[in-house]
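J.: Next up is a structure, given as structure tokens.
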Amino acid sequence: MPDETPLLDELEKGKWPSYVKEIKRASKKNKAAKDLLGIQELSYKDRITHWKHGGIVGVTGYGGGVIGRYCDVPEKFPNTASFHTLRVNHPGGWFYSTKALRQICDVWEKYGSGMTNFHGSTGDIILLGTTTENLQPCFDALTEIGFDLGGSGSALRTPSACVGPARCEWSTFDTLDLIYNITMEFQDEIHRPRWPYKFKIKASGCPNDCVAAIARADLTIIGTWKDNLRIDQAAVKEYADHGFDIHKLIVDRCPTDALEWDEKTKTLTLKPDDCVRCMHCINKMPKAIRPGVEGGATLMIGGKAPIIKGAYLSWVLIPFMKLEPPYEELKELLRKIWDWWDENGRTRERLAELVERVGLKTFLKEIGIKPVPQMVYKPRANPYVFFDKK
Amino acid sequence: MKKEGIMGATDIGPPDYHLMLPDIIKKNYGKWKYHEIVRPGVLKHVSETNDELYTVRVGSPRLVSIDFIRDICDIADKYCGGHLRFTSRYNVEFLTDKKENVDRIIEEVSRLGLPVGGVGTCISNIVHTQGWIHCHSAATDASGLVKSIMDELYDHFVSIKLPALLRISVACCINMCGAVHCSDLAVVGIHTKPPKIDHEKVVAQCEIPTTIQACPTGAIRRHPDPNIKSVTVREDLCMYCANCFTVCPAMPLADPDGDGVAIYAGGKVSNARKPPMFSRLIVPYLPNNPPRWPEVVSVIKKVVDVYAKHARKYERLGEWIERVGWEKFFKLTEIPFTEHHIDDFTHAVETYRTTTQFKW
């Protein structure tokens with residue numbers, strides 16, 4: 001194989017850390033990593049990918065978790081003729097002990113290319129590139145150190161959560177506990193694809209939505225609260241005394257005009273009925289304003305990227321649910337949604353597309369949820385109503 | 001609930017996150033009171049117990065070798081009690097309850113060439129997909145594009161000088177496994193040529209009904225010659241989504257001269273102030289020009305500069321554009337508005353202007 005990579009070498013320059021340096025580092029010890037560099041250089045020259053559609057490869061007992069990959073120039077790069085990826089289910093909040101990380105590195109040094117993504121956009125740890133023969137021993141070694149594969153294909157994808165109460169004062173429920181609990185409950189749904197298409201669950205502890213749940217998760221869980229946000233007037237005063245323009249930057253920016261500012265007494269008053277819990281004031285005055293204490297989450301459905309019928313943002317299904325172990329209400333809801341979607345969905349039809357095809361009204365009836373105004377921005381404008389034919 | 005990790009075990013699930021938490025977090029779990037940004041890339045969280053936690057956030061190229069992971073483990077062993085975490089945008093976070101460790105951590109990561117930043121109203125790391133590194137459907141590379149953009153925007157990672165946070169993402173095809181469609185700036189790999197059908201391979205590798213059904217515009221038909229067990233594509237109906245290629249490998253769309261990227265702007269996922277919104281098309285096509293994609297980098301730079309100059313404090317890119325109007329955005333950025341910017345897919349009419357209110 002050619003050792004020169006003039007195009008990629010350009011990407012070793014510049015201030016941002018270089019992934020090319022990383023591949024070169026791995027390629028000193030690993031032939032597959034060296035061939036990966038060669039393939040990437042060839043793609044840069046040809047301006048096209050050199051990876052083929054994946055075949056069906058995996059580990060015993062699972063239908064997913066491995067992305068099969070073969071290169072289309074095996075004669076030039078024999079060490080990447082097969083170069084499969086393992087998706088490894090990350091620990092909640094992406095927290096690690098260095099012991100666990102070092103164990104993963106040792107397993108991957110033995111069985112793979114030595115290249116990884118911490119993390120993939122799915123949230124999983126991505127172990128990038130190994131041979132078909134090495135898949136099973138690598139998986140066995142991973143389970144030995146306490147790790148398991150994540151989801152791929154038409155299955156429940158690896159659920160993920162924001163950092164939550166572990167290091168954030170705004171989380172209105174325990175994102176890490178919830179996601180760990182449902183991940184353990186639905187291991188079968190993660191590892192054995194059986195549905196029309198993928199299903200994603202992401203949980204953010206507050207409406208800032210740090211894991212972009214609303215844009216990509218079929219079930220989106222976003223923390224919110226029922227009572228009023230908490231204002232510490234002494235701390236408010238302190239912001240004002242430091243020259244922070246509360247009127248201009250907080251009160252005027254409140255989307256529903258729910259805050260009043262008294263310049264004389266330096267007090268900030270909430271009109272609780274008008275607050276929609278958007279987080280702006282809390283984000284900008286974290287020492288003075290906090291979410292309420294009656295925490296739970298808004299459950300939304302339908303978020304996805306464009307394939308096939310266009311992108312959707314998740315919409316409100318259940319305005320408020322208290323989320324506490326063992327989370328039975330949520331699990332029941334999930335099972336109902338999955339059964340209905342599995343029964344009615346076409347191949348590669350995500351939940352949002354099915355609901356749009358048959359109508360939200362039908363979906364709500366089938367799942368047994370009563371319509372409430374919080375589900376829509378506004379009611380319909382057309383007169384084409386399907387009344388019950390009875 | 002959880003089976004022991006023995007050889008051949010399945011369905012053990014991920015490790016319990018409790019095992020991964022540093023002591024300071026175990027002690028203050030759910031008790032955090034507030035936080036502040038001490039300096040670019042450094043957060044201080046204060047607990048109800050009055051404990052203080054410092055976080056040093058560090059940029060990473062995401063595609064890293066195991067030796068990179070071992071390097072950051074060495075630092076975490078020295079200063080963070082043997083724990084660290086990653087953010088949803090691939091940054092590494094070193095957590096310590098000792099203020100004096102902050103400078104030491106920064107010194108050590110700087111020695112590794114890693115930037116400290118990505119906190120607050122700045123540009124954090126770019127969420128991205130695999131591209132030519134590992135994907136069969138990639139219309140562009142991801143890692144190289146990201147490296148080129150971040151080299152240009154480096155100062156915005158290590159300092160806090162934008163009106164609001166600005167999130168950039170890269171997806172190497174419109175499958176968008178990174179779900180980039182609600183980002184302040186999204187770069188998306190696109191094809192611009194219809195699939196090239198290998199009829200012999202279709203017979204061997206594809207299910208014809210599934211392939212026909214895969215097309216969102218109904219462009220795929222059975223081959224008119226009943227002796228050929230294959231399909232044809234009505235090219236006037238094809239918008240190059242490649243969904244057919246996903247179910248039928250005999251219909252590749254990739255083409256060195258046709259493939260390139262589109263740029264979208266103004267999306268967000270946060271509910272703060274305005275509700276979440278989609279990113280909208282600003283540049284329909286730029287060619288793949290590796291290794292540095294200079295045309296793409298220059299558009300991104302221009303939009304960031306114009307936004308930084310014109311937006312109000314705390315205003316996200318999309319919020320600013322909505323306030324001043326898209327017509328003003330195109331004027332200020334000098335990006336040409338073309339027929340491609342006008343939607344003609346489902347729900348297109350919702351984007352047509354139904355008011356006489358607009359700017360000249």
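Each chain of the structure tokens is named A, B, ... in the order shown, its residues numbered from 1; ligands are numbered from 1 in display order.
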Please list as a PyMOL selection string every residue within 6 Å of Ser204 of chain A, counting only C-alpha atoms and excluding residues in the same chain fewer than 5 positions away.
T.: chain A and resi 161-162+209+222
J.: Can I get the selection written as a PDB file, in the first residue's frame, with all heavy atoms?
T.:
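out27.pdb, freshly written:
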```
ATOM      1  N   ALA A 161     -29.160  10.010  27.797  1.00  0.00           N
ATOM      2  CA  ALA A 161     -29.650  11.070  28.683  1.00  0.00           C
ATOM      3  C   ALA A 161     -28.601  12.141  28.844  1.00  0.00           C
ATOM      4  O   ALA A 161     -27.407  11.885  28.688  1.00  0.00           O
ATOM      5  CB  ALA A 161     -29.970  10.474  30.055  1.00  0.00           C
ATOM      6  N   CYS A 162     -29.047  13.326  29.199  1.00  0.00           N
ATOM      7  CA  CYS A 162     -28.125  14.409  29.546  1.00  0.00           C
ATOM      8  C   CYS A 162     -27.482  14.104  30.896  1.00  0.00           C
ATOM      9  O   CYS A 162     -27.834  13.132  31.557  1.00  0.00           O
ATOM     10  CB  CYS A 162     -28.861  15.748  29.595  1.00  0.00           C
ATOM     11  SG  CYS A 162     -29.960  15.893  31.015  1.00  0.00           S
ATOM     12  N   ASP A 209     -32.715  20.988  26.690  1.00  0.00           N
ATOM     13  CA  ASP A 209     -32.593  19.801  25.833  1.00  0.00           C
ATOM     14  C   ASP A 209     -31.175  19.587  25.296  1.00  0.00           C
ATOM     15  O   ASP A 209     -30.943  19.586  24.081  1.00  0.00           O
ATOM     16  CB  ASP A 209     -33.604  19.892  24.671  1.00  0.00           C
ATOM     17  CG  ASP A 209     -33.765  18.550  23.949  1.00  0.00           C
ATOM     18  OD1 ASP A 209     -33.198  17.548  24.412  1.00  0.00           O
ATOM     19  OD2 ASP A 209     -34.446  18.527  22.908  1.00  0.00           O
ATOM     20  N   ILE A 222     -38.585  15.410  28.111  1.00  0.00           N
ATOM     21  CA  ILE A 222     -37.956  16.680  28.466  1.00  0.00           C
ATOM     22  C   ILE A 222     -38.486  17.163  29.810  1.00  0.00           C
ATOM     23  O   ILE A 222     -39.699  17.333  29.997  1.00  0.00           O
ATOM     24  CB  ILE A 222     -38.194  17.736  27.373  1.00  0.00           C
ATOM     25  CG1 ILE A 222     -37.497  17.313  26.076  1.00  0.00           C
ATOM     26  CG2 ILE A 222     -37.684  19.107  27.825  1.00  0.00           C
ATOM     27  CD1 ILE A 222     -37.604  18.298  24.943  1.00  0.00           C
TER      28      ILE A 222
END
```
J.: Please identify which residues in segment 103-175 of chain B DSSP calls alpha helix (DSSP H) from the backbone, and express them as a list in words.
T.: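 Put together, the selection reads Asp103, Arg104, Ile105, Ile106, Glu107, Glu108, Val109, Ser110, Arg111, Ser143, Gly144, Leu145, Val146, Lys147, Ser148, Ile149, Met150, Asp151, Glu152, Leu153, Tyr154, Asp155, His156, Phe157 and Val158 of chain B.
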J.: Report as a tab-separated table: every residue of chain A with an atom at most 6 Å from chain B, its closest pair of atoms, and their distance in Å to one decimal, counting only C-alpha atoms, with rows sorted by chain and ascending residue number.
T.:
```
residue	atom	partner	partner_atom	distance
A:Leu7	CA	B:Pro291	CA	5.8
A:Gly14	CA	B:Asp151	CA	5.5
A:Lys15	CA	B:Asp151	CA	5.5
A:Trp16	CA	B:Asp151	CA	5.1
A:Pro17	CA	B:Pro61	CA	5.7
A:Tyr19	CA	B:Pro61	CA	5.4
A:Glu22	CA	B:Val64	CA	5.4
A:Ala26	CA	B:Ser65	CA	5.7
A:Tyr44	CA	B:Pro290	CA	5.8
A:Arg47	CA	B:Pro256	CA	5.0
A:Ile48	CA	B:Pro256	CA	5.6
A:Thr49	CA	B:Trp132	CA	4.9
A:Trp51	CA	B:His136	CA	4.7
A:Lys52	CA	B:His136	CA	5.0
A:His53	CA	B:His136	CA	5.6
A:Asn89	CA	B:Pro14	CA	5.4
A:Pro91	CA	B:Tyr17	CA	5.3
A:Gly92	CA	B:Tyr17	CA	5.2
A:Trp94	CA	B:Phe86	CA	5.3
A:Phe95	CA	B:Arg85	CA	4.2
A:Tyr96	CA	B:Met20	CA	4.6
A:Ser97	CA	B:His83	CA	4.4
A:Thr98	CA	B:Gly82	CA	5.2
A:Cys105	CA	B:Ile66	CA	5.3
A:Gly114	CA	B:Ile66	CA	5.5
A:Met115	CA	B:Ser65	CA	4.5
A:Thr116	CA	B:Val64	CA	5.4
A:Asn117	CA	B:Leu63	CA	4.8
A:Phe118	CA	B:Arg62	CA	5.6
A:Ser121	CA	B:Gly178	CA	5.1
A:Asp140	CA	B:Met7	CA	5.5
A:Thr143	CA	B:Gly5	CA	5.3
A:Glu144	CA	B:Gly5	CA	4.6
A:Gly146	CA	B:Gly5	CA	5.4
A:Phe147	CA	B:Pro14	CA	5.3
A:Asp148	CA	B:Gly13	CA	5.2
A:Pro165	CA	B:Gly30	CA	4.3
A:Ala166	CA	B:Tyr29	CA	4.9
A:Glu169	CA	B:Trp32	CA	4.7
A:Met184	CA	B:Gly13	CA	5.8
A:Gln187	CA	B:Asp11	CA	5.7
A:Pro207	CA	B:Asn271	CA	5.4
A:Asn208	CA	B:Ser270	CA	4.4
A:Asp209	CA	B:Ser270	CA	5.5
A:Ala212	CA	B:Val269	CA	5.7
A:Arg216	CA	B:Ala179	CA	5.9
A:Pro255	CA	B:Arg273	CA	5.3
A:Cys278	CA	B:Ala272	CA	4.5
A:Met279	CA	B:Ala272	CA	5.1
A:His280	CA	B:Ala272	CA	4.9
A:Pro286	CA	B:Tyr34	CA	5.6
A:Lys287	CA	B:Tyr34	CA	5.4
A:Ala305	CA	B:Ala179	CA	5.4
A:Ile307	CA	B:Asn175	CA	5.7
```
J.: Please produce a file of those selected residues containing N, CA and C atoms, as a compact mmCIF listing (two decimals), in the first residue's frame.
T.:
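Contents of part_19.txt, as written:
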```txt
# COMPACT_ATOMS: atom_id res chain seq x y z
N LEU A 7 -2.63 14.43 0.93
CA LEU A 7 -3.87 15.17 1.16
C LEU A 7 -4.23 15.19 2.65
N GLY A 14 -2.90 23.12 11.54
CA GLY A 14 -4.01 23.86 12.14
C GLY A 14 -4.11 23.60 13.63
N LYS A 15 -4.89 24.47 14.32
CA LYS A 15 -4.92 24.44 15.77
C LYS A 15 -5.81 23.36 16.37
N TRP A 16 -6.91 23.06 15.67
CA TRP A 16 -7.84 22.07 16.24
C TRP A 16 -7.18 20.68 16.22
N PRO A 17 -7.36 19.89 17.30
CA PRO A 17 -6.70 18.57 17.32
C PRO A 17 -7.05 17.73 16.09
N TYR A 19 -7.60 14.44 13.78
CA TYR A 19 -7.93 13.00 13.76
C TYR A 19 -6.94 12.23 12.90
N GLU A 22 -4.31 11.05 14.96
CA GLU A 22 -4.79 9.91 15.75
C GLU A 22 -4.73 8.61 14.95
N ALA A 26 -2.41 5.25 15.73
CA ALA A 26 -2.87 3.86 15.81
C ALA A 26 -2.18 3.00 14.76
N TYR A 44 -10.03 10.92 -0.54
CA TYR A 44 -9.74 12.35 -0.72
C TYR A 44 -9.30 12.62 -2.15
N ARG A 47 -12.61 11.64 -4.34
CA ARG A 47 -13.81 12.35 -3.87
C ARG A 47 -15.05 11.45 -3.83
N ILE A 48 -14.86 10.27 -3.30
CA ILE A 48 -15.96 9.31 -3.19
C ILE A 48 -15.63 8.32 -2.06
N THR A 49 -16.68 7.74 -1.48
CA THR A 49 -16.43 6.77 -0.41
C THR A 49 -15.93 5.45 -1.00
N TRP A 51 -16.34 2.58 0.86
CA TRP A 51 -16.97 1.54 1.68
C TRP A 51 -18.22 1.02 1.00
N LYS A 52 -18.42 -0.29 1.12
CA LYS A 52 -19.59 -0.92 0.50
C LYS A 52 -20.68 -1.11 1.55
N HIS A 53 -21.88 -1.39 1.03
CA HIS A 53 -23.00 -1.78 1.89
C HIS A 53 -22.57 -2.88 2.84
N ASN A 89 -22.84 0.12 24.25
CA ASN A 89 -23.74 0.96 25.07
C ASN A 89 -22.93 1.69 26.15
N PRO A 91 -22.06 4.09 29.45
CA PRO A 91 -22.68 4.30 30.75
C PRO A 91 -23.37 5.67 30.78
N GLY A 92 -24.45 5.78 31.55
CA GLY A 92 -25.29 6.97 31.59
C GLY A 92 -24.51 8.25 31.84
N TRP A 94 -22.35 9.52 30.13
CA TRP A 94 -20.98 9.40 29.60
C TRP A 94 -19.92 9.61 30.69
N PHE A 95 -20.24 9.15 31.90
CA PHE A 95 -19.25 9.15 32.98
C PHE A 95 -18.46 7.84 32.92
N TYR A 96 -17.18 7.91 33.24
CA TYR A 96 -16.33 6.71 33.24
C TYR A 96 -15.37 6.72 34.41
N SER A 97 -15.03 5.52 34.86
CA SER A 97 -13.83 5.40 35.67
C SER A 97 -12.70 5.15 34.66
N THR A 98 -11.51 5.61 35.00
CA THR A 98 -10.40 5.38 34.07
C THR A 98 -10.11 3.88 33.96
N CYS A 105 -9.91 -0.02 26.17
CA CYS A 105 -8.74 0.16 25.29
C CYS A 105 -7.97 -1.15 25.11
N GLY A 114 -7.93 -0.26 16.99
CA GLY A 114 -7.38 0.74 17.91
C GLY A 114 -7.98 2.11 17.69
N MET A 115 -8.90 2.24 16.71
CA MET A 115 -9.57 3.53 16.50
C MET A 115 -10.97 3.49 17.10
N THR A 116 -11.37 4.61 17.68
CA THR A 116 -12.67 4.68 18.36
C THR A 116 -13.33 6.04 18.11
N ASN A 117 -14.62 6.11 18.38
CA ASN A 117 -15.28 7.41 18.56
C ASN A 117 -15.77 7.47 20.00
N PHE A 118 -15.33 8.48 20.71
CA PHE A 118 -15.94 8.78 22.02
C PHE A 118 -16.66 10.10 21.86
N SER A 121 -22.68 9.62 17.17
CA SER A 121 -23.82 10.51 17.36
C SER A 121 -25.02 9.78 17.95
N ASP A 140 -17.29 -11.05 23.59
CA ASP A 140 -17.14 -11.81 24.84
C ASP A 140 -16.23 -11.08 25.83
N THR A 143 -18.16 -8.14 27.36
CA THR A 143 -19.10 -8.49 28.43
C THR A 143 -18.35 -8.89 29.70
N GLU A 144 -17.17 -9.44 29.50
CA GLU A 144 -16.38 -9.80 30.67
C GLU A 144 -16.00 -8.58 31.53
N GLY A 146 -17.92 -6.01 31.63
CA GLY A 146 -19.16 -5.35 32.04
C GLY A 146 -19.82 -4.45 31.01
N PHE A 147 -19.39 -4.53 29.75
CA PHE A 147 -20.02 -3.72 28.71
C PHE A 147 -20.82 -4.60 27.75
N ASP A 148 -21.82 -4.00 27.13
CA ASP A 148 -22.70 -4.72 26.22
C ASP A 148 -22.88 -3.88 24.95
N PRO A 165 -29.06 15.12 37.15
CA PRO A 165 -28.77 15.54 38.52
C PRO A 165 -27.32 15.25 38.93
N ALA A 166 -26.58 14.48 38.12
CA ALA A 166 -25.19 14.20 38.48
C ALA A 166 -24.37 15.49 38.53
N GLU A 169 -28.00 21.56 38.05
CA GLU A 169 -29.00 21.95 39.03
C GLU A 169 -30.39 22.07 38.44
N MET A 184 -32.16 -1.32 30.79
CA MET A 184 -32.10 -2.68 31.33
C MET A 184 -33.40 -3.43 31.07
N GLN A 187 -33.69 -4.64 27.08
CA GLN A 187 -32.51 -5.23 26.45
C GLN A 187 -32.87 -6.02 25.18
N PRO A 207 -35.87 21.95 29.76
CA PRO A 207 -36.20 22.38 28.38
C PRO A 207 -35.02 22.90 27.55
N ASN A 208 -33.82 23.00 28.12
CA ASN A 208 -32.67 23.34 27.28
C ASN A 208 -32.33 22.19 26.33
N ASP A 209 -32.72 20.99 26.69
CA ASP A 209 -32.59 19.80 25.83
C ASP A 209 -31.17 19.59 25.30
N ALA A 212 -30.55 17.04 22.48
CA ALA A 212 -31.31 17.22 21.23
C ALA A 212 -32.40 16.18 21.06
N ARG A 216 -34.66 14.32 17.39
CA ARG A 216 -34.27 13.03 16.84
C ARG A 216 -34.88 11.81 17.52
N PRO A 255 -40.54 35.23 26.74
CA PRO A 255 -41.41 35.09 25.56
C PRO A 255 -42.88 35.33 25.86
N CYS A 278 -39.52 28.31 29.80
CA CYS A 278 -38.64 28.19 28.64
C CYS A 278 -37.17 28.08 29.03
N MET A 279 -36.81 28.52 30.25
CA MET A 279 -35.43 28.45 30.78
C MET A 279 -34.60 29.72 30.54
N HIS A 280 -35.09 30.69 29.78
CA HIS A 280 -34.22 31.83 29.48
C HIS A 280 -33.73 32.53 30.75
N PRO A 286 -28.44 31.99 36.86
CA PRO A 286 -28.52 30.70 37.55
C PRO A 286 -28.38 30.80 39.07
N LYS A 287 -27.77 31.89 39.55
CA LYS A 287 -27.63 32.01 41.01
C LYS A 287 -28.93 32.48 41.65
N ALA A 305 -34.96 12.74 11.68
CA ALA A 305 -34.28 13.41 10.57
C ALA A 305 -35.08 13.16 9.27
N ILE A 307 -35.14 11.48 6.28
CA ILE A 307 -35.54 10.22 5.61
C ILE A 307 -36.76 9.64 6.29
```
J.: Tell me, as a PyMOL selection string, which residues lie within 8 Å of segment 320-329 of chain B, counting only C-alpha atoms; anything in the same chain fewer than 2 positions away does not count.
T.: chain B and resi 266+307+311-312+315-318+331-333+358-360
J.: Any idea what the distance is between atom CA of Ile125 of chain A and atom CA of Arg87 of chain A?
T.: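 Between atom CA of Ile125 of chain A and atom CA of Arg87 of chain A the gap works out to 5.9 Å.
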J.: Which polymer residues have any atom within 12 Å of an atom of Trp338 of chain A, counting only C-alpha atoms, with same-chain residues fewer than 3 positions away left out, as a VMD selection string?
T.: chain A and resid 154 to 156 186 189 194 to 200 218 to 219 331 to 335 341 to 345 350 to 351 354 363 366 to 367
J.: Counting only C-alpha atoms, what is within 12 Å of Ala234 of chain A, bar same-chain residues fewer than 3 positions away, as a ChimeraX atom specification?
T.: /A:231,237-241,265-268,287-289
J.: I'd like to know which of A:Phe173, A:Phe83, A:Phe77, A:Tyr312 is closest to Gly54 of chain A, using only C-alpha atoms.
T.: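 The shortest atom-to-atom distance to Gly54 of chain A comes from A:Phe83.
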J.: Given only C-alpha atoms as the basis, pick out the residue of A:Glu356, A:Asp106, A:Asp339, A:Asp257 nearest to Cys281 of chain A.
T.: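 Distance minimum relative to Cys281 of chain A lands on A:Asp257.
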J.: What lies within 8 Å of Gly303 of chain A using only C-alpha atoms, ignoring chain neighbours under 4 positions off, as a PDB file with N, CA and C atoms, in the first residue's frame?
T.:
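And here is the file that came out, selection33.pdb:
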```pdb
ATOM      1  N   ALA A 213     -33.058  15.849  22.166  1.00  0.00           N
ATOM      2  CA  ALA A 213     -34.095  14.809  22.134  1.00  0.00           C
ATOM      3  C   ALA A 213     -35.233  15.189  21.194  1.00  0.00           C
ATOM      4  N   ILE A 214     -35.592  16.453  21.175  1.00  0.00           N
ATOM      5  CA  ILE A 214     -36.766  16.881  20.419  1.00  0.00           C
ATOM      6  C   ILE A 214     -36.555  16.746  18.910  1.00  0.00           C
ATOM      7  N   ALA A 215     -35.308  16.751  18.480  1.00  0.00           N
ATOM      8  CA  ALA A 215     -35.036  16.711  17.047  1.00  0.00           C
ATOM      9  C   ALA A 215     -34.898  15.289  16.516  1.00  0.00           C
ATOM     10  N   ARG A 216     -34.664  14.319  17.389  1.00  0.00           N
ATOM     11  CA  ARG A 216     -34.271  13.025  16.836  1.00  0.00           C
ATOM     12  C   ARG A 216     -34.877  11.810  17.520  1.00  0.00           C
ATOM     13  N   ALA A 217     -35.599  12.016  18.637  1.00  0.00           N
ATOM     14  CA  ALA A 217     -36.077  10.844  19.356  1.00  0.00           C
ATOM     15  C   ALA A 217     -37.563  10.606  19.089  1.00  0.00           C
ATOM     16  N   ASP A 218     -37.908   9.364  18.760  1.00  0.00           N
ATOM     17  CA  ASP A 218     -39.313   9.003  18.560  1.00  0.00           C
ATOM     18  C   ASP A 218     -40.084   9.217  19.851  1.00  0.00           C
ATOM     19  N   LEU A 219     -39.440   8.892  20.982  1.00  0.00           N
ATOM     20  CA  LEU A 219     -39.990   9.296  22.275  1.00  0.00           C
ATOM     21  C   LEU A 219     -39.003  10.262  22.919  1.00  0.00           C
ATOM     22  N   THR A 220     -39.471  11.489  23.071  1.00  0.00           N
ATOM     23  CA  THR A 220     -38.651  12.563  23.617  1.00  0.00           C
ATOM     24  C   THR A 220     -39.128  12.858  25.029  1.00  0.00           C
ATOM     25  N   ALA A 311     -38.206  15.854   7.867  1.00  0.00           N
ATOM     26  CA  ALA A 311     -37.846  15.904   9.285  1.00  0.00           C
ATOM     27  C   ALA A 311     -39.050  16.331  10.118  1.00  0.00           C
ATOM     28  N   TYR A 312     -39.101  15.824  11.338  1.00  0.00           N
ATOM     29  CA  TYR A 312     -40.137  16.223  12.279  1.00  0.00           C
ATOM     30  C   TYR A 312     -39.484  16.624  13.599  1.00  0.00           C
ATOM     31  N   LEU A 313     -40.088  17.618  14.252  1.00  0.00           N
ATOM     32  CA  LEU A 313     -39.771  17.869  15.649  1.00  0.00           C
ATOM     33  C   LEU A 313     -40.800  17.095  16.462  1.00  0.00           C
ATOM     34  N   SER A 314     -40.399  16.582  17.596  1.00  0.00           N
ATOM     35  CA  SER A 314     -41.373  15.876  18.426  1.00  0.00           C
ATOM     36  C   SER A 314     -42.473  16.829  18.876  1.00  0.00           C
ATOM     37  N   TRP A 315     -43.681  16.261  19.007  1.00  0.00           N
ATOM     38  CA  TRP A 315     -44.788  17.081  19.497  1.00  0.00           C
ATOM     39  C   TRP A 315     -45.313  16.511  20.818  1.00  0.00           C
ATOM     40  N   ALA A 352     -43.533   8.940  13.575  1.00  0.00           N
ATOM     41  CA  ALA A 352     -44.137  10.209  13.157  1.00  0.00           C
ATOM     42  C   ALA A 352     -44.815  10.084  11.802  1.00  0.00           C
TER      43      ALA A 352
END
```
J.: From a DSSP pass on the backbone, collect the residues of segment 137-217 of chain B flagged as strand (DSSP E or B) and hand them back as a PyMOL selection string.
T.: chain B and resi 166+168-171+185-190
J.: Write the residues of the preceding selection, restricted to C-alpha atoms, as a CSV table (one decimal), in the first residue's frame.
T.:
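Result written to out-v9.csv:
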```
chain,number,residue,atom,x,y,z
B,166,LEU,CA,-23.7,28.5,18.2
B,168,ILE,CA,-22.6,23.4,14.3
B,169,SER,CA,-23.2,19.9,13.0
B,170,VAL,CA,-22.1,17.9,9.9
B,171,ALA,CA,-23.9,15.0,8.4
B,185,LEU,CA,-25.4,25.8,11.2
B,186,ALA,CA,-25.6,22.4,9.5
B,187,VAL,CA,-23.4,21.1,6.7
B,188,VAL,CA,-25.0,18.2,4.9
B,189,GLY,CA,-23.5,15.9,2.3
B,190,ILE,CA,-25.8,15.7,-0.8
```
J.: Give me, please, the distance in Å between atom CA of Thr232 of chain B and atom CA of Ile342 of chain B, quoted to one decimal.
T.: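 Atom-to-atom, atom CA of Thr232 of chain B to atom CA of Ile342 of chain B, that is 28.1 Å.
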J.: Find the residues near Gly65 of chain A: any atom within 10 Å, counting only C-alpha atoms, skip ones fewer than 5 places away on the same chain, and give them as a PyMOL selection string.
T.: chain A and resi 57-59+85-89+124+148-153+155+157-158+190-193
J.: In Å, how far is it from atom CA of Cys71 of chain A to atom CA of His50 of chain A?
T.: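 Atom CA of His50 of chain A lies at a distance of 5.7 Å from atom CA of Cys71 of chain A.
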J.: From the options A:Leu360, A:Gln103, A:Asp3, A:Ser113, which residue's atoms come nearest to Lys29 of chain A, counting only C-alpha atoms?
T.: A:Ser113
